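Note: the block below is final-v1.cif and it holds mmCIF, C-alpha atoms (C1' of nucleotides).
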```cif
data_my_file
loop_
_atom_site.group_PDB
_atom_site.id
_atom_site.type_symbol
_atom_site.label_atom_id
_atom_site.label_comp_id
_atom_site.auth_asym_id
_atom_site.auth_seq_id
_atom_site.Cartn_x
_atom_site.Cartn_y
_atom_site.Cartn_z
ATOM 1 C CA MET A 1 222.379 44.046 -24.196
ATOM 2 C CA LEU A 2 222.171 47.183 -26.388
ATOM 3 C CA ASP A 3 219.994 50.194 -25.737
ATOM 4 C CA ASP A 4 218.120 51.970 -28.537
ATOM 5 C CA VAL A 5 220.881 54.481 -29.174
ATOM 6 C CA GLU A 6 223.611 51.852 -29.372
ATOM 7 C CA GLN A 7 221.512 49.771 -31.718
ATOM 8 C CA LYS A 8 220.926 52.730 -34.016
ATOM 9 C CA ILE A 9 224.623 53.634 -33.968
ATOM 10 C CA LEU A 10 225.585 50.110 -35.027
ATOM 11 C CA GLU A 11 222.928 49.977 -37.733
ATOM 12 C CA VAL A 12 224.285 53.153 -39.275
ATOM 13 C CA MET A 13 227.932 52.151 -38.879
ATOM 14 C CA LEU A 14 227.305 48.748 -40.470
ATOM 15 C CA GLN A 15 226.297 50.648 -43.590
ATOM 16 C CA ASP A 16 229.052 53.264 -43.503
ATOM 17 C CA ALA A 17 231.771 53.042 -40.905
ATOM 18 C CA ARG A 18 233.468 56.211 -42.172
ATOM 19 C CA ILE A 19 230.520 58.478 -41.470
ATOM 20 C CA SER A 20 231.493 61.590 -39.499
ATOM 21 C CA LEU A 21 230.534 61.833 -35.845
ATOM 22 C CA LYS A 22 228.474 64.874 -36.696
ATOM 23 C CA ASP A 23 226.357 63.053 -39.289
ATOM 24 C CA LEU A 24 226.125 59.974 -37.091
ATOM 25 C CA ALA A 25 224.980 62.162 -34.219
ATOM 26 C CA ALA A 26 222.297 63.739 -36.402
ATOM 27 C CA ARG A 27 221.051 60.273 -37.412
ATOM 28 C CA VAL A 28 220.681 59.121 -33.820
ATOM 29 C CA GLY A 29 219.407 62.459 -32.500
ATOM 30 C CA MET A 30 222.247 63.261 -30.120
ATOM 31 C CA SER A 31 225.253 65.543 -29.905
ATOM 32 C CA SER A 32 228.630 64.551 -31.354
ATOM 33 C CA PRO A 33 230.382 64.249 -27.997
ATOM 34 C CA SER A 34 227.712 61.854 -26.718
ATOM 35 C CA VAL A 35 227.924 59.667 -29.779
ATOM 36 C CA SER A 36 231.693 59.715 -29.601
ATOM 37 C CA GLU A 37 231.502 58.509 -26.000
ATOM 38 C CA ARG A 38 229.001 55.774 -26.932
ATOM 39 C CA LEU A 39 231.335 54.531 -29.652
ATOM 40 C CA ARG A 40 234.258 54.527 -27.263
ATOM 41 C CA ARG A 41 232.321 52.377 -24.822
ATOM 42 C CA LEU A 42 231.156 49.950 -27.479
ATOM 43 C CA GLU A 43 234.801 49.546 -28.466
ATOM 44 C CA GLU A 44 235.814 49.140 -24.829
ATOM 45 C CA ARG A 45 233.135 46.478 -24.275
ATOM 46 C CA ARG A 46 234.461 44.784 -27.418
ATOM 47 C CA VAL A 47 231.037 44.825 -29.005
ATOM 48 C CA ILE A 48 232.841 46.693 -31.756
ATOM 49 C CA ARG A 49 235.900 44.707 -32.716
ATOM 50 C CA GLY A 50 237.088 47.232 -35.253
ATOM 51 C CA TYR A 51 236.339 49.022 -38.495
ATOM 52 C CA THR A 52 237.204 47.588 -41.850
ATOM 53 C CA VAL A 53 236.919 48.037 -45.569
ATOM 54 C CA GLU A 54 234.903 45.630 -47.687
ATOM 55 C CA ILE A 55 236.845 44.591 -50.735
ATOM 56 C CA ASP A 56 235.240 43.007 -53.790
ATOM 57 C CA PRO A 57 237.257 39.860 -54.604
ATOM 58 C CA LYS A 58 236.128 39.975 -58.239
ATOM 59 C CA ALA A 59 237.547 43.457 -58.648
ATOM 60 C CA LEU A 60 240.909 41.979 -57.671
ATOM 61 C CA GLY A 61 240.607 39.148 -60.160
ATOM 62 C CA TYR A 62 239.320 36.445 -57.830
ATOM 63 C CA GLN A 63 236.541 35.219 -60.082
ATOM 64 C CA LEU A 64 235.857 32.074 -58.113
ATOM 65 C CA GLN A 65 234.973 31.230 -54.530
ATOM 66 C CA ALA A 66 234.777 27.735 -53.138
ATOM 67 C CA ILE A 67 233.693 26.242 -49.835
ATOM 68 C CA VAL A 68 236.011 23.386 -48.908
ATOM 69 C CA ARG A 69 235.307 20.788 -46.225
ATOM 70 C CA ILE A 70 238.546 19.373 -44.963
ATOM 71 C CA ARG A 71 239.175 16.188 -42.988
ATOM 72 C CA PRO A 72 242.829 15.804 -42.064
ATOM 73 C CA LEU A 73 244.310 12.312 -42.185
ATOM 74 C CA PRO A 74 245.327 10.779 -38.829
ATOM 75 C CA GLY A 75 248.195 12.754 -37.289
ATOM 76 C CA GLN A 76 247.918 15.584 -39.800
ATOM 77 C CA LEU A 77 245.517 17.864 -37.945
ATOM 78 C CA GLN A 78 248.015 20.484 -36.822
ATOM 79 C CA VAL A 79 249.866 20.367 -40.107
ATOM 80 C CA VAL A 80 246.697 20.906 -42.082
ATOM 81 C CA GLN A 81 245.510 23.786 -39.904
ATOM 82 C CA LYS A 82 248.863 25.540 -40.261
ATOM 83 C CA LEU A 83 248.769 24.970 -44.015
ATOM 84 C CA ILE A 84 245.318 26.544 -44.242
ATOM 85 C CA GLU A 85 246.350 29.518 -42.099
ATOM 86 C CA ASN A 86 249.439 30.071 -44.215
ATOM 87 C CA THR A 87 247.567 29.923 -47.497
ATOM 88 C CA PRO A 88 246.351 33.476 -48.068
ATOM 89 C CA GLU A 89 243.680 32.358 -50.548
ATOM 90 C CA PHE A 90 241.685 31.001 -47.599
ATOM 91 C CA GLY A 91 239.500 33.865 -46.468
ATOM 92 C CA GLU A 92 237.681 32.073 -43.687
ATOM 93 C CA CYS A 93 238.142 28.837 -41.792
ATOM 94 C CA ASP A 94 236.040 27.291 -39.050
ATOM 95 C CA LYS A 95 236.973 24.244 -37.019
ATOM 96 C CA VAL A 96 233.733 22.353 -36.531
ATOM 97 C CA THR A 97 232.178 19.260 -34.984
ATOM 98 C CA GLY A 98 231.560 16.247 -37.191
ATOM 99 C CA GLU A 99 233.579 14.331 -39.713
ATOM 100 C CA ASP A 100 234.758 17.376 -41.576
ATOM 101 C CA CYS A 101 237.154 18.997 -39.186
ATOM 102 C CA TYR A 102 237.422 22.286 -41.048
ATOM 103 C CA ILE A 103 235.148 24.271 -43.337
ATOM 104 C CA ALA A 104 236.940 26.986 -45.256
ATOM 105 C CA ARG A 105 236.311 29.613 -47.905
ATOM 106 C CA LEU A 106 238.733 29.904 -50.790
ATOM 107 C CA PHE A 107 239.254 32.861 -53.141
ATOM 108 C CA VAL A 108 240.839 31.885 -56.453
ATOM 109 C CA ARG A 109 241.305 33.347 -59.893
ATOM 110 C CA SER A 110 240.605 30.213 -61.871
ATOM 111 C CA ILE A 111 239.865 26.527 -61.739
ATOM 112 C CA GLU A 112 243.581 25.991 -62.333
ATOM 113 C CA GLN A 113 244.461 27.914 -59.207
ATOM 114 C CA LEU A 114 241.785 26.051 -57.254
ATOM 115 C CA ASP A 115 243.379 22.787 -58.323
ATOM 116 C CA GLN A 116 246.794 24.090 -57.389
ATOM 117 C CA VAL A 117 245.749 25.106 -53.868
ATOM 118 C CA LEU A 118 243.890 21.850 -53.226
ATOM 119 C CA ASP A 119 246.861 19.816 -54.464
ATOM 120 C CA ARG A 120 248.917 21.129 -51.565
ATOM 121 C CA ILE A 121 246.430 19.562 -49.126
ATOM 122 C CA VAL A 122 245.441 16.417 -50.951
ATOM 123 C CA ASP A 123 248.062 14.139 -49.409
ATOM 124 C CA LYS A 124 247.298 15.348 -45.870
ATOM 125 C CA ALA A 125 243.497 15.450 -45.852
ATOM 126 C CA GLU A 126 240.298 14.381 -47.555
ATOM 127 C CA THR A 127 238.501 17.349 -49.073
ATOM 128 C CA HIS A 128 235.051 18.098 -50.465
ATOM 129 C CA THR A 129 234.883 21.188 -52.614
ATOM 130 C CA ALA A 130 231.771 23.142 -53.555
ATOM 131 C CA ILE A 131 231.962 26.047 -55.992
ATOM 132 C CA VAL A 132 229.998 29.133 -54.985
ATOM 133 C CA LYS A 133 227.377 29.942 -57.642
ATOM 134 C CA MET A 134 225.591 32.749 -55.847
ATOM 135 C CA GLN A 135 225.562 34.502 -52.494
ATOM 136 C CA PRO A 136 222.007 34.944 -51.188
ATOM 137 C CA ILE A 137 223.512 36.446 -48.019
ATOM 138 C CA ARG A 138 226.974 37.850 -48.445
ATOM 139 C CA ARG A 139 227.603 38.934 -44.931
ATOM 140 C CA ARG A 140 225.348 40.155 -42.237
ATOM 141 C CA ALA A 141 225.789 40.931 -38.573
ATOM 142 C CA PRO A 142 223.791 38.903 -36.074
ATOM 143 C CA PRO A 143 220.500 40.519 -35.021
ATOM 144 C CA LEU A 144 221.215 43.489 -32.756
ATOM 145 C CA ARG A 145 217.964 42.926 -30.932
ATOM 146 C CA LEU A 146 217.441 39.653 -29.140
ATOM 147 C CA GLY A 147 215.328 37.295 -31.255
ATOM 148 C CA MET B 1 245.502 45.229 -60.608
ATOM 149 C CA LEU B 2 246.640 47.380 -57.654
ATOM 150 C CA ASP B 3 249.739 49.544 -57.538
ATOM 151 C CA ASP B 4 251.932 49.742 -54.435
ATOM 152 C CA VAL B 5 250.148 52.757 -53.012
ATOM 153 C CA GLU B 6 246.683 51.275 -53.454
ATOM 154 C CA GLN B 7 247.828 48.047 -51.868
ATOM 155 C CA LYS B 8 249.233 49.873 -48.862
ATOM 156 C CA ILE B 9 246.077 51.947 -48.500
ATOM 157 C CA LEU B 10 243.917 48.819 -48.434
ATOM 158 C CA GLU B 11 246.230 47.071 -45.974
ATOM 159 C CA VAL B 12 245.936 49.963 -43.556
ATOM 160 C CA MET B 13 242.202 50.398 -44.056
ATOM 161 C CA LEU B 14 241.559 46.678 -43.506
ATOM 162 C CA GLN B 15 242.994 47.186 -40.021
ATOM 163 C CA ASP B 16 241.275 50.480 -39.255
ATOM 164 C CA ALA B 17 238.784 51.926 -41.683
ATOM 165 C CA ARG B 18 238.169 54.987 -39.524
ATOM 166 C CA ILE B 19 241.738 56.239 -39.705
ATOM 167 C CA SER B 20 241.990 59.913 -40.665
ATOM 168 C CA LEU B 21 243.156 60.803 -44.167
ATOM 169 C CA LYS B 22 246.071 62.586 -42.582
ATOM 170 C CA ASP B 23 247.304 59.513 -40.694
ATOM 171 C CA LEU B 24 246.597 57.279 -43.676
ATOM 172 C CA ALA B 25 248.592 59.630 -45.866
ATOM 173 C CA ALA B 26 251.509 59.528 -43.430
ATOM 174 C CA ARG B 27 251.451 55.717 -43.486
ATOM 175 C CA VAL B 28 251.629 55.547 -47.261
ATOM 176 C CA GLY B 29 254.046 58.456 -47.605
ATOM 177 C CA MET B 30 251.840 60.827 -49.581
ATOM 178 C CA SER B 31 249.763 63.956 -49.034
ATOM 179 C CA SER B 32 246.177 63.813 -47.816
ATOM 180 C CA PRO B 33 244.636 65.101 -51.033
ATOM 181 C CA SER B 34 246.423 62.425 -53.062
ATOM 182 C CA VAL B 35 245.309 59.658 -50.752
ATOM 183 C CA SER B 36 241.797 61.046 -50.743
ATOM 184 C CA GLU B 37 241.775 60.867 -54.530
ATOM 185 C CA ARG B 38 243.130 57.297 -54.488
ATOM 186 C CA LEU B 39 240.380 56.250 -52.129
ATOM 187 C CA ARG B 40 237.742 57.884 -54.291
ATOM 188 C CA ARG B 41 238.962 55.959 -57.303
ATOM 189 C CA LEU B 42 239.084 52.655 -55.459
ATOM 190 C CA GLU B 43 235.462 53.262 -54.471
ATOM 191 C CA GLU B 44 234.582 54.233 -58.022
ATOM 192 C CA ARG B 45 236.211 51.073 -59.401
ATOM 193 C CA ARG B 46 234.209 49.165 -56.793
ATOM 194 C CA VAL B 47 237.353 47.574 -55.428
ATOM 195 C CA ILE B 48 236.132 49.101 -52.179
ATOM 196 C CA ARG B 49 232.529 48.056 -51.664
ATOM 197 C CA GLY B 50 232.130 50.027 -48.464
ATOM 198 C CA TYR B 51 233.262 50.503 -44.900
ATOM 199 C CA THR B 52 231.798 48.572 -42.034
ATOM 200 C CA VAL B 53 232.038 47.846 -38.359
ATOM 201 C CA GLU B 54 233.031 44.412 -37.082
ATOM 202 C CA ILE B 55 230.709 43.284 -34.332
ATOM 203 C CA ASP B 56 231.540 40.473 -31.933
ATOM 204 C CA PRO B 57 228.558 38.096 -31.905
ATOM 205 C CA LYS B 58 229.481 36.804 -28.443
ATOM 206 C CA ALA B 59 229.301 40.312 -27.012
ATOM 207 C CA LEU B 60 225.672 40.380 -28.191
ATOM 208 C CA GLY B 61 224.902 37.037 -26.596
ATOM 209 C CA TYR B 62 225.327 34.801 -29.624
ATOM 210 C CA GLN B 63 227.424 32.160 -27.931
ATOM 211 C CA LEU B 64 227.139 29.631 -30.718
ATOM 212 C CA GLN B 65 227.860 29.555 -34.413
ATOM 213 C CA ALA B 66 226.963 26.722 -36.734
ATOM 214 C CA ILE B 67 227.636 25.923 -40.356
ATOM 215 C CA VAL B 68 224.563 24.357 -41.925
ATOM 216 C CA ARG B 69 224.502 22.504 -45.239
ATOM 217 C CA ILE B 70 221.025 22.642 -46.684
ATOM 218 C CA ARG B 71 219.494 20.502 -49.421
ATOM 219 C CA PRO B 72 215.973 21.608 -50.242
ATOM 220 C CA LEU B 73 213.412 18.894 -51.011
ATOM 221 C CA PRO B 74 212.126 18.774 -54.591
ATOM 222 C CA GLY B 75 210.140 21.910 -55.413
ATOM 223 C CA GLN B 76 211.208 23.697 -52.231
ATOM 224 C CA LEU B 77 214.312 25.499 -53.517
ATOM 225 C CA GLN B 78 212.850 28.996 -53.751
ATOM 226 C CA VAL B 79 210.910 28.604 -50.535
ATOM 227 C CA VAL B 80 213.989 27.498 -48.651
ATOM 228 C CA GLN B 81 216.156 30.310 -50.005
ATOM 229 C CA LYS B 82 213.553 32.905 -49.017
ATOM 230 C CA LEU B 83 213.288 31.333 -45.587
ATOM 231 C CA ILE B 84 217.046 31.561 -45.101
ATOM 232 C CA GLU B 85 217.153 35.171 -46.285
ATOM 233 C CA ASN B 86 214.324 36.117 -43.944
ATOM 234 C CA THR B 87 215.880 34.458 -40.919
ATOM 235 C CA PRO B 88 218.184 37.114 -39.459
ATOM 236 C CA GLU B 89 220.209 34.542 -37.514
ATOM 237 C CA PHE B 90 221.767 33.467 -40.818
ATOM 238 C CA GLY B 91 224.827 35.650 -41.225
ATOM 239 C CA GLU B 92 226.100 34.189 -44.476
ATOM 240 C CA CYS B 93 224.688 31.945 -47.148
ATOM 241 C CA ASP B 94 226.289 30.602 -50.311
ATOM 242 C CA LYS B 95 224.495 28.715 -53.060
ATOM 243 C CA VAL B 96 226.955 26.072 -54.212
ATOM 244 C CA THR B 97 227.475 23.194 -56.608
ATOM 245 C CA GLY B 98 226.988 19.654 -55.353
ATOM 246 C CA GLU B 99 224.329 17.877 -53.354
ATOM 247 C CA ASP B 100 224.119 20.525 -50.677
ATOM 248 C CA CYS B 101 222.508 23.427 -52.424
ATOM 249 C CA TYR B 102 223.256 25.982 -49.700
ATOM 250 C CA ILE B 103 225.935 26.402 -47.068
ATOM 251 C CA ALA B 104 225.047 28.918 -44.391
ATOM 252 C CA ARG B 105 226.376 30.362 -41.144
ATOM 253 C CA LEU B 106 224.055 30.625 -38.194
ATOM 254 C CA PHE B 107 224.429 32.828 -35.099
ATOM 255 C CA VAL B 108 222.448 31.560 -32.113
ATOM 256 C CA ARG B 109 222.323 32.090 -28.364
ATOM 257 C CA SER B 110 221.876 28.491 -27.384
ATOM 258 C CA ILE B 111 221.360 24.943 -28.551
ATOM 259 C CA GLU B 112 217.664 25.498 -27.940
ATOM 260 C CA GLN B 113 217.604 28.402 -30.375
ATOM 261 C CA LEU B 114 219.600 26.365 -32.893
ATOM 262 C CA ASP B 115 216.992 23.645 -32.679
ATOM 263 C CA GLN B 116 214.227 26.188 -33.062
ATOM 264 C CA VAL B 117 215.713 27.736 -36.217
ATOM 265 C CA LEU B 118 216.432 24.361 -37.819
ATOM 266 C CA ASP B 119 212.901 23.139 -37.041
ATOM 267 C CA ARG B 120 211.533 25.799 -39.366
ATOM 268 C CA ILE B 121 213.485 24.235 -42.252
ATOM 269 C CA VAL B 122 213.290 20.562 -41.388
ATOM 270 C CA ASP B 123 210.145 19.791 -43.393
ATOM 271 C CA LYS B 124 211.438 21.613 -46.495
ATOM 272 C CA ALA B 125 215.054 20.463 -46.672
ATOM 273 C CA GLU B 126 217.636 17.991 -45.483
ATOM 274 C CA THR B 127 220.235 19.667 -43.299
ATOM 275 C CA HIS B 128 223.672 18.838 -41.926
ATOM 276 C CA THR B 129 224.739 20.982 -39.017
ATOM 277 C CA ALA B 130 228.269 21.465 -37.738
ATOM 278 C CA ILE B 131 228.911 23.488 -34.577
ATOM 279 C CA VAL B 132 231.836 25.907 -34.797
ATOM 280 C CA LYS B 133 234.438 25.037 -32.148
ATOM 281 C CA MET B 134 237.149 27.467 -33.185
ATOM 282 C CA GLN B 135 237.907 29.960 -35.926
ATOM 283 C CA PRO B 136 241.464 29.557 -37.239
ATOM 284 C CA ILE B 137 240.687 32.290 -39.787
ATOM 285 C CA ARG B 138 237.859 34.592 -38.824
ATOM 286 C CA ARG B 139 237.737 36.708 -41.889
ATOM 287 C CA ARG B 140 240.424 37.820 -44.253
ATOM 288 C CA ALA B 141 240.464 39.673 -47.534
ATOM 289 C CA PRO B 142 241.811 37.850 -50.594
ATOM 290 C CA PRO B 143 245.515 38.477 -51.311
ATOM 291 C CA LEU B 144 245.945 42.025 -52.627
ATOM 292 C CA ARG B 145 248.912 40.914 -54.676
ATOM 293 C CA LEU B 146 248.436 38.282 -57.331
ATOM 294 C CA GLY B 147 249.608 34.892 -56.063
ATOM 295 C "C1'" DC C 1 225.278 60.779 -18.979
ATOM 296 C "C1'" DG C 2 224.177 64.491 -21.824
ATOM 297 C "C1'" DT C 3 224.790 69.389 -23.938
ATOM 298 C "C1'" DG C 4 226.841 73.534 -25.898
ATOM 299 C "C1'" DA C 5 230.689 76.507 -26.897
ATOM 300 C "C1'" DA C 6 235.648 77.124 -27.791
ATOM 301 C "C1'" DA C 7 240.049 75.548 -29.444
ATOM 302 C "C1'" DT C 8 242.447 72.287 -32.177
ATOM 303 C "C1'" DC C 9 242.780 69.484 -35.850
ATOM 304 C "C1'" DC C 10 241.407 67.686 -40.381
ATOM 305 C "C1'" DA C 11 239.409 67.450 -45.117
ATOM 306 C "C1'" DT C 12 238.696 69.699 -49.490
ATOM 307 C "C1'" DG C 13 239.456 72.258 -53.628
ATOM 308 C "C1'" DG C 14 242.252 75.454 -56.338
ATOM 309 C "C1'" DC C 15 246.548 76.102 -58.292
ATOM 310 C "C1'" DC C 16 251.113 75.141 -59.466
ATOM 311 C "C1'" DG C 17 255.199 71.525 -60.639
ATOM 312 C "C1'" DC D 1 249.222 62.706 -60.852
ATOM 313 C "C1'" DG D 2 251.046 64.684 -56.748
ATOM 314 C "C1'" DG D 3 252.249 68.612 -53.455
ATOM 315 C "C1'" DC D 4 251.047 72.844 -51.041
ATOM 316 C "C1'" DC D 5 248.069 76.142 -48.915
ATOM 317 C "C1'" DA D 6 243.919 78.395 -47.361
ATOM 318 C "C1'" DT D 7 239.330 77.908 -45.787
ATOM 319 C "C1'" DG D 8 235.358 75.695 -44.106
ATOM 320 C "C1'" DG D 9 234.111 71.729 -41.222
ATOM 321 C "C1'" DA D 10 234.662 68.232 -37.900
ATOM 322 C "C1'" DT D 11 236.436 66.487 -33.493
ATOM 323 C "C1'" DT D 12 237.665 67.021 -28.884
ATOM 324 C "C1'" DT D 13 237.777 69.146 -24.543
ATOM 325 C "C1'" DC D 14 235.689 71.252 -20.718
ATOM 326 C "C1'" DA D 15 232.457 73.530 -17.687
ATOM 327 C "C1'" DC D 16 227.965 72.746 -16.329
ATOM 328 C "C1'" DG D 17 223.041 70.633 -15.720
#
```
Produce structure tokens that represent the structure in this file.
Amino acid sequence: MLDDVEQKILEVMLQDARISLKDLAARVGMSSPSVSERLRRLEERRVIRGYTVEIDPKALGYQLQAIVRIRPLPGQLQVVQKLIENTPEFGECDKVTGEDCYIARLFVRSIEQLDQVLDRIVDKAETHTAIVKMQPIRRRAPPLRLG
Amino acid sequence: MLDDVEQKILEVMLQDARISLKDLAARVGMSSPSVSERLRRLEERRVIRGYTVEIDPKALGYQLQAIVRIRPLPGQLQVVQKLIENTPEFGECDKVTGEDCYIARLFVRSIEQLDQVLDRIVDKAETHTAIVKMQPIRRRAPPLRLG
DNA sequence: CGTGAAATCCATGGCCG
DNA sequence: CGGCCATGGATTTCACG
């Protein structure tokens, strides 16, 4: 799926996506034009979806994260999904199998704000809320080499 | 917490972290050196944790994602956390309040691999697994402006 | 697909408003 | 704090293996 060079490129870019082509090329032992072409193809193949900046929620005042399991009441599925999408404090939302239709991550500044956000859903869905105490794995790409 | 310029910078960088300073400067209506300085300070303040590449798991063959709630058996908490951390297929893991000690995201290639990964935990914890069917919100930064 | 050299473009640091 | 300008680097293009 990925050759050695592509794997190395992604490993380096996962750590610092703003590295210069020159430095990246040195790290993978190739010339800049080659590495540039490799990147272009990884983007074209959509292995690389894009480049982004990692922002620390705490530095913006979001002291609290919660994982919320959400089970919309009968007939409220679409309404609830739209509500989640339109609430910017939700930073992630997966629609999953099982009784809980949605599992979502919430960034909030306080317990009060958590309460406030959940109150907007409470008459349309059952929710189970778990406060994040620690993040043993904050975010990690899937293994680049087949396991 | 963020002034207008900083907010704009982050908005642009969230979309494309490899944009040149020149283009970024044009987008925020300032000179390159000024924007460069702003970026440096955002990094220094640790609002910006880093720059990374977004990889599409499906393009690497990970056709399936699952959200797993994990409740270690008595005495197995540390063991289970280490096991999760050392299993590269886990792409996220939060330690949370409530009966489920951990909530984790799993990238796998198949149901067989899912079974295989969960089998390594089954004698140390109770698990509830939900297969991801859709991602209404894939990943989103918290609101840059206070809500 | 890769390299190396040349031309263009960009980032950086000093200095002035 | 920000703009401008000059200089040193980085990126891109192209001819060639």
Discussion item. Evaluate the PyMOL selection byres ((chain A) within 9 of (chain C)) against this structure - the residues, as a VMD selection string, please.
Written reply: chain A and resid 30 to 31 33 to 34
Worksheet item: For the file shown, what are the residues hit by the PyMOL selection byres ((chain A) within 8 of (chain B)), laid out as a ChimeraX atom specification?
Response: /A:1-2,10,13-18,45-57,59-62,81,85,88-98,107,130-144
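Atom CA of A:Leu77 to atom CA of A:Leu118 spans 15.9 Å [interatomic distance, one decimal].
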Discussion item. Please find the residues of chain D near chain A - the criterion being any atom within 8 Å, counting all atoms listed in the file - and write them as a PyMOL selection string.
Written reply: chain D and resi 10-12
Please produce a file of the residues just selected, as a PDB file, keeping the file's coordinate frame, where the atoms kept are C-alpha atoms (C1' of nucleotides).
```pdb
ATOM      1  C1'  DA D  10     234.662  68.232 -37.900  1.00  0.00           C
ATOM      2  C1'  DT D  11     236.436  66.487 -33.493  1.00  0.00           C
ATOM      3  C1'  DT D  12     237.665  67.021 -28.884  1.00  0.00           C
TER       4       DT D  12
END
```
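Atom pair atom CA of B:Arg120 / atom CA of B:Gln76 has a distance of 13.0 Å (rounded to one decimal).
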Worksheet entry | Atom pair atom CA of B:Thr127 / atom CA of B:Gly75: separation (Å) | 15.9 Å
Kindly compute an axis-aligned box around the listed atoms of stretch 10-14 of chain C, allowing 5 Å on each side, and express its centre and edge lengths in Å to one decimal as AutoDock Vina command-line options.
```
--center_x 240.5 --center_y 71.5 --center_z -48.4 --size_x 13.6 --size_y 18.0 --size_z 26.0
```
Some atoms are absent from stretch 23-37 of chain A, so rebuild N, CA and C atoms and return them as a PDB file, in the frame of the given file.
```pdb
ATOM      1  N   ASP A  23     227.475  63.655 -38.556  1.00  0.00           N
ATOM      2  CA  ASP A  23     226.357  63.053 -39.289  1.00  0.00           C
ATOM      3  C   ASP A  23     225.744  61.887 -38.517  1.00  0.00           C
ATOM      4  N   LEU A  24     226.620  61.097 -37.891  1.00  0.00           N
ATOM      5  CA  LEU A  24     226.125  59.974 -37.091  1.00  0.00           C
ATOM      6  C   LEU A  24     225.253  60.495 -35.956  1.00  0.00           C
ATOM      7  N   ALA A  25     225.725  61.564 -35.326  1.00  0.00           N
ATOM      8  CA  ALA A  25     224.980  62.162 -34.219  1.00  0.00           C
ATOM      9  C   ALA A  25     223.602  62.640 -34.683  1.00  0.00           C
ATOM     10  N   ALA A  26     223.572  63.268 -35.862  1.00  0.00           N
ATOM     11  CA  ALA A  26     222.297  63.739 -36.402  1.00  0.00           C
ATOM     12  C   ALA A  26     221.340  62.562 -36.623  1.00  0.00           C
ATOM     13  N   ARG A  27     221.884  61.446 -37.125  1.00  0.00           N
ATOM     14  CA  ARG A  27     221.051  60.273 -37.412  1.00  0.00           C
ATOM     15  C   ARG A  27     220.465  59.647 -36.147  1.00  0.00           C
ATOM     16  N   VAL A  28     221.202  59.737 -35.038  1.00  0.00           N
ATOM     17  CA  VAL A  28     220.681  59.121 -33.820  1.00  0.00           C
ATOM     18  C   VAL A  28     220.039  60.154 -32.900  1.00  0.00           C
ATOM     19  N   GLY A  29     220.061  61.429 -33.308  1.00  0.00           N
ATOM     20  CA  GLY A  29     219.407  62.459 -32.500  1.00  0.00           C
ATOM     21  C   GLY A  29     220.131  62.809 -31.219  1.00  0.00           C
ATOM     22  N   MET A  30     221.455  62.840 -31.291  1.00  0.00           N
ATOM     23  CA  MET A  30     222.247  63.261 -30.120  1.00  0.00           C
ATOM     24  C   MET A  30     223.372  64.181 -30.578  1.00  0.00           C
ATOM     25  N   SER A  31     224.117  64.675 -29.585  1.00  0.00           N
ATOM     26  CA  SER A  31     225.253  65.543 -29.905  1.00  0.00           C
ATOM     27  C   SER A  31     226.481  64.691 -30.248  1.00  0.00           C
ATOM     28  N   SER A  32     227.413  65.276 -30.981  1.00  0.00           N
ATOM     29  CA  SER A  32     228.630  64.551 -31.354  1.00  0.00           C
ATOM     30  C   SER A  32     229.397  63.997 -30.159  1.00  0.00           C
ATOM     31  N   PRO A  33     229.625  64.795 -29.125  1.00  0.00           N
ATOM     32  CA  PRO A  33     230.382  64.249 -27.997  1.00  0.00           C
ATOM     33  C   PRO A  33     229.720  63.006 -27.385  1.00  0.00           C
ATOM     34  N   SER A  34     228.405  63.015 -27.281  1.00  0.00           N
ATOM     35  CA  SER A  34     227.712  61.854 -26.718  1.00  0.00           C
ATOM     36  C   SER A  34     227.929  60.619 -27.571  1.00  0.00           C
ATOM     37  N   VAL A  35     227.772  60.804 -28.874  1.00  0.00           N
ATOM     38  CA  VAL A  35     227.924  59.667 -29.779  1.00  0.00           C
ATOM     39  C   VAL A  35     229.363  59.169 -29.756  1.00  0.00           C
ATOM     40  N   SER A  36     230.288  60.095 -29.681  1.00  0.00           N
ATOM     41  CA  SER A  36     231.693  59.715 -29.601  1.00  0.00           C
ATOM     42  C   SER A  36     231.945  58.849 -28.375  1.00  0.00           C
ATOM     43  N   GLU A  37     231.356  59.259 -27.253  1.00  0.00           N
ATOM     44  CA  GLU A  37     231.502  58.509 -26.000  1.00  0.00           C
ATOM     45  C   GLU A  37     230.844  57.120 -26.109  1.00  0.00           C
TER      46      GLU A  37
END
```
